[in-house]
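A.B. asks: Structure incoming, see below.
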Amino acid sequence: MDRGIVNFATTSDGTNYQGHRLCRYRRWQARKRAELQKKNTRSATRRLARRAQKEKRHATQVNHRISKEIVSVAQRTGRGIAVEQLGGIRERVRLRRDQRGTLSSWPFHQLGQHLAYKARKAGVPFLEVDAAYTSRRCPRCGHTERANRPTRDHFCCRRCGLAGPADVVAGVNVRQRARSAWVFVTAPAPTP
């Protein structure tokens with residue numbers, strides 16, 4: 001499963017869990033927050049705190065819904081769940097000022113936590129794999145190049161010509177890495 005800002009989760013089957021409704025809700029909340037901050041009264045401050053909690057609960061509910069659906073599909077089909085390790089993004093990426101709020105409110109960590117505990121509860125295998133170049137690598141020939149992903153939404157391999165949605169291709173790459181890593185996780189310990 002590939003995690004992103006626009007599409008919160010994209011499975012290797014091509015199922016997309018979009019985040020545009022949550023982003024629109026957060027933009028609306030930001031406008032309301034700005035109006036209340038201009039008033040600068042005690043009641044406005046209290047209302048700001050309530051609005052912040054309401055927005056947080058709404059994002060948590062969206063993550064619960066997405067993770068519940070992913071785990072139920074994995075349980076029904078008898079497969080596991082593999083996600084990218086996305087730690088340290090804030091330290092690695094330098095963004096423009098208008099993009100900082102979007103990255104800071106990206107709920108990828110909470111979605112990963114929900115997936116992990118729900119998968120454990122349902123008995124579904126859960127694995128985190130390295131996220132390096134998953135959206136630039138071709139799953140068919142293995143060619144990795146920045147030009148393979150000319151736009152955010154589209155993937156086209158420069159060597160073999162494989163084309164498709166970039167998030168789905170990244171999900172397939174995560175699945176392949178998880179399959180190879182799963183062999184090492186479940187292998188019996190060698191006897192001396």
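If you're wondering about the labels, chains in the structure tokens are A, B, ... by order shown, residues count from 1 in each chain, ligands from 1 in order shown.
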List the neighbours of A:Arg46 out to 12 Å using only C-alpha atoms; skip same-chain residues closer than 6 positions along the sequence, and give me the result as a list in words.

C.D. replies: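 The filter keeps Arg33, Leu36, Gln37, Lys39, Asn40, Ala52 and Gln53 of chain A.
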
A.B. asks: List the neighbours of A:Asn173 out to 12 Å using only C-alpha atoms; skip same-chain residues closer than 4 positions along the sequence, and give me the result as a PyMOL selection string.

C.D. replies: chain A and resi 1-2+10-13+82-84+129-144+166-169+177-180

A.B. asks: Counting only C-alpha atoms, which residue out of A:Lys32, A:Lys121, A:Arg26, A:Arg175 sits closest to A:Gln75?

C.D. replies: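 The shortest atom-to-atom distance to A:Gln75 comes from A:Lys121.
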
A.B. asks: In Å, rounded to a single decimal, give me how far atom CA of A:Ala119 is from atom CA of A:Gly164.

C.D. replies: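 Atom CA of A:Ala119 lies 28.8 Å from atom CA of A:Gly164.
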
A.B. asks: What lies within 10 Å of A:Ala147 using only C-alpha atoms, ignoring chain neighbours under 3 positions off, as a ChimeraX atom specification?

C.D. replies: /A:136,144,150-151,155-158

A.B. asks: Please produce a file of the residues just selected, as a short mmCIF file (atom, residue, chain, number, x, y, z; two decimals), in the first residue's frame, where the atoms kept are C-alpha atoms.

C.D. replies:
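Done, and the output landed in result_16.cif:
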```
data_model
loop_
_atom_site.label_atom_id
_atom_site.label_comp_id
_atom_site.auth_asym_id
_atom_site.auth_seq_id
_atom_site.Cartn_x
_atom_site.Cartn_y
_atom_site.Cartn_z
CA ARG A 136 10.16 5.91 -9.54
CA THR A 144 14.67 3.44 -11.61
CA PRO A 150 6.83 12.83 -15.28
CA THR A 151 3.84 14.08 -13.26
CA PHE A 155 4.05 6.74 -14.33
CA CYS A 156 5.74 5.76 -17.60
CA CYS A 157 8.88 3.60 -17.65
CA ARG A 158 11.58 4.96 -19.98
#
```

A.B. asks: Check which residues of stretch 41-143 of chain A sit at most 12 Å from stretch 14-24 of chain A using only C-alpha atoms, and return one row each with the closest pair of atoms and their distance in Å to one decimal, ordered by chain and rising number, as a Markdown table.

C.D. replies:
```
| residue | atom | partner | partner_atom | distance |
| --- | --- | --- | --- | --- |
| A:Glu55 | CA | A:Leu22 | CA | 9.4 |
| A:Lys56 | CA | A:Leu22 | CA | 10.8 |
| A:Arg57 | CA | A:Leu22 | CA | 11.6 |
| A:His58 | CA | A:Leu22 | CA | 8.2 |
| A:Ala59 | CA | A:Leu22 | CA | 7.0 |
| A:Thr60 | CA | A:Leu22 | CA | 10.5 |
| A:Gln61 | CA | A:Leu22 | CA | 10.5 |
| A:Val62 | CA | A:Leu22 | CA | 7.9 |
| A:Asn63 | CA | A:Gly19 | CA | 9.9 |
| A:Arg65 | CA | A:Tyr17 | CA | 10.0 |
| A:Ile66 | CA | A:Tyr17 | CA | 7.0 |
| A:Ser67 | CA | A:Tyr17 | CA | 9.9 |
| A:Lys68 | CA | A:Tyr17 | CA | 11.9 |
| A:Glu69 | CA | A:Tyr17 | CA | 9.9 |
| A:Ile70 | CA | A:Thr15 | CA | 9.4 |
| A:Val73 | CA | A:Thr15 | CA | 10.7 |
| A:Gly101 | CA | A:Cys23 | CA | 10.8 |
| A:Thr102 | CA | A:Cys23 | CA | 8.3 |
| A:Leu103 | CA | A:Cys23 | CA | 11.2 |
| A:Ser105 | CA | A:Cys23 | CA | 9.2 |
| A:Trp106 | CA | A:Cys23 | CA | 9.4 |
| A:Pro107 | CA | A:Gly19 | CA | 10.0 |
| A:Phe108 | CA | A:Gly19 | CA | 11.2 |
| A:Leu111 | CA | A:Tyr17 | CA | 11.6 |
```

A.B. asks: Report the residues of stretch 5-134 of chain A whose backbone DSSP state falls under strand (DSSP E or B), written as a ChimeraX atom specification.

C.D. replies: /A:7-10,16-18,81-85,126-130
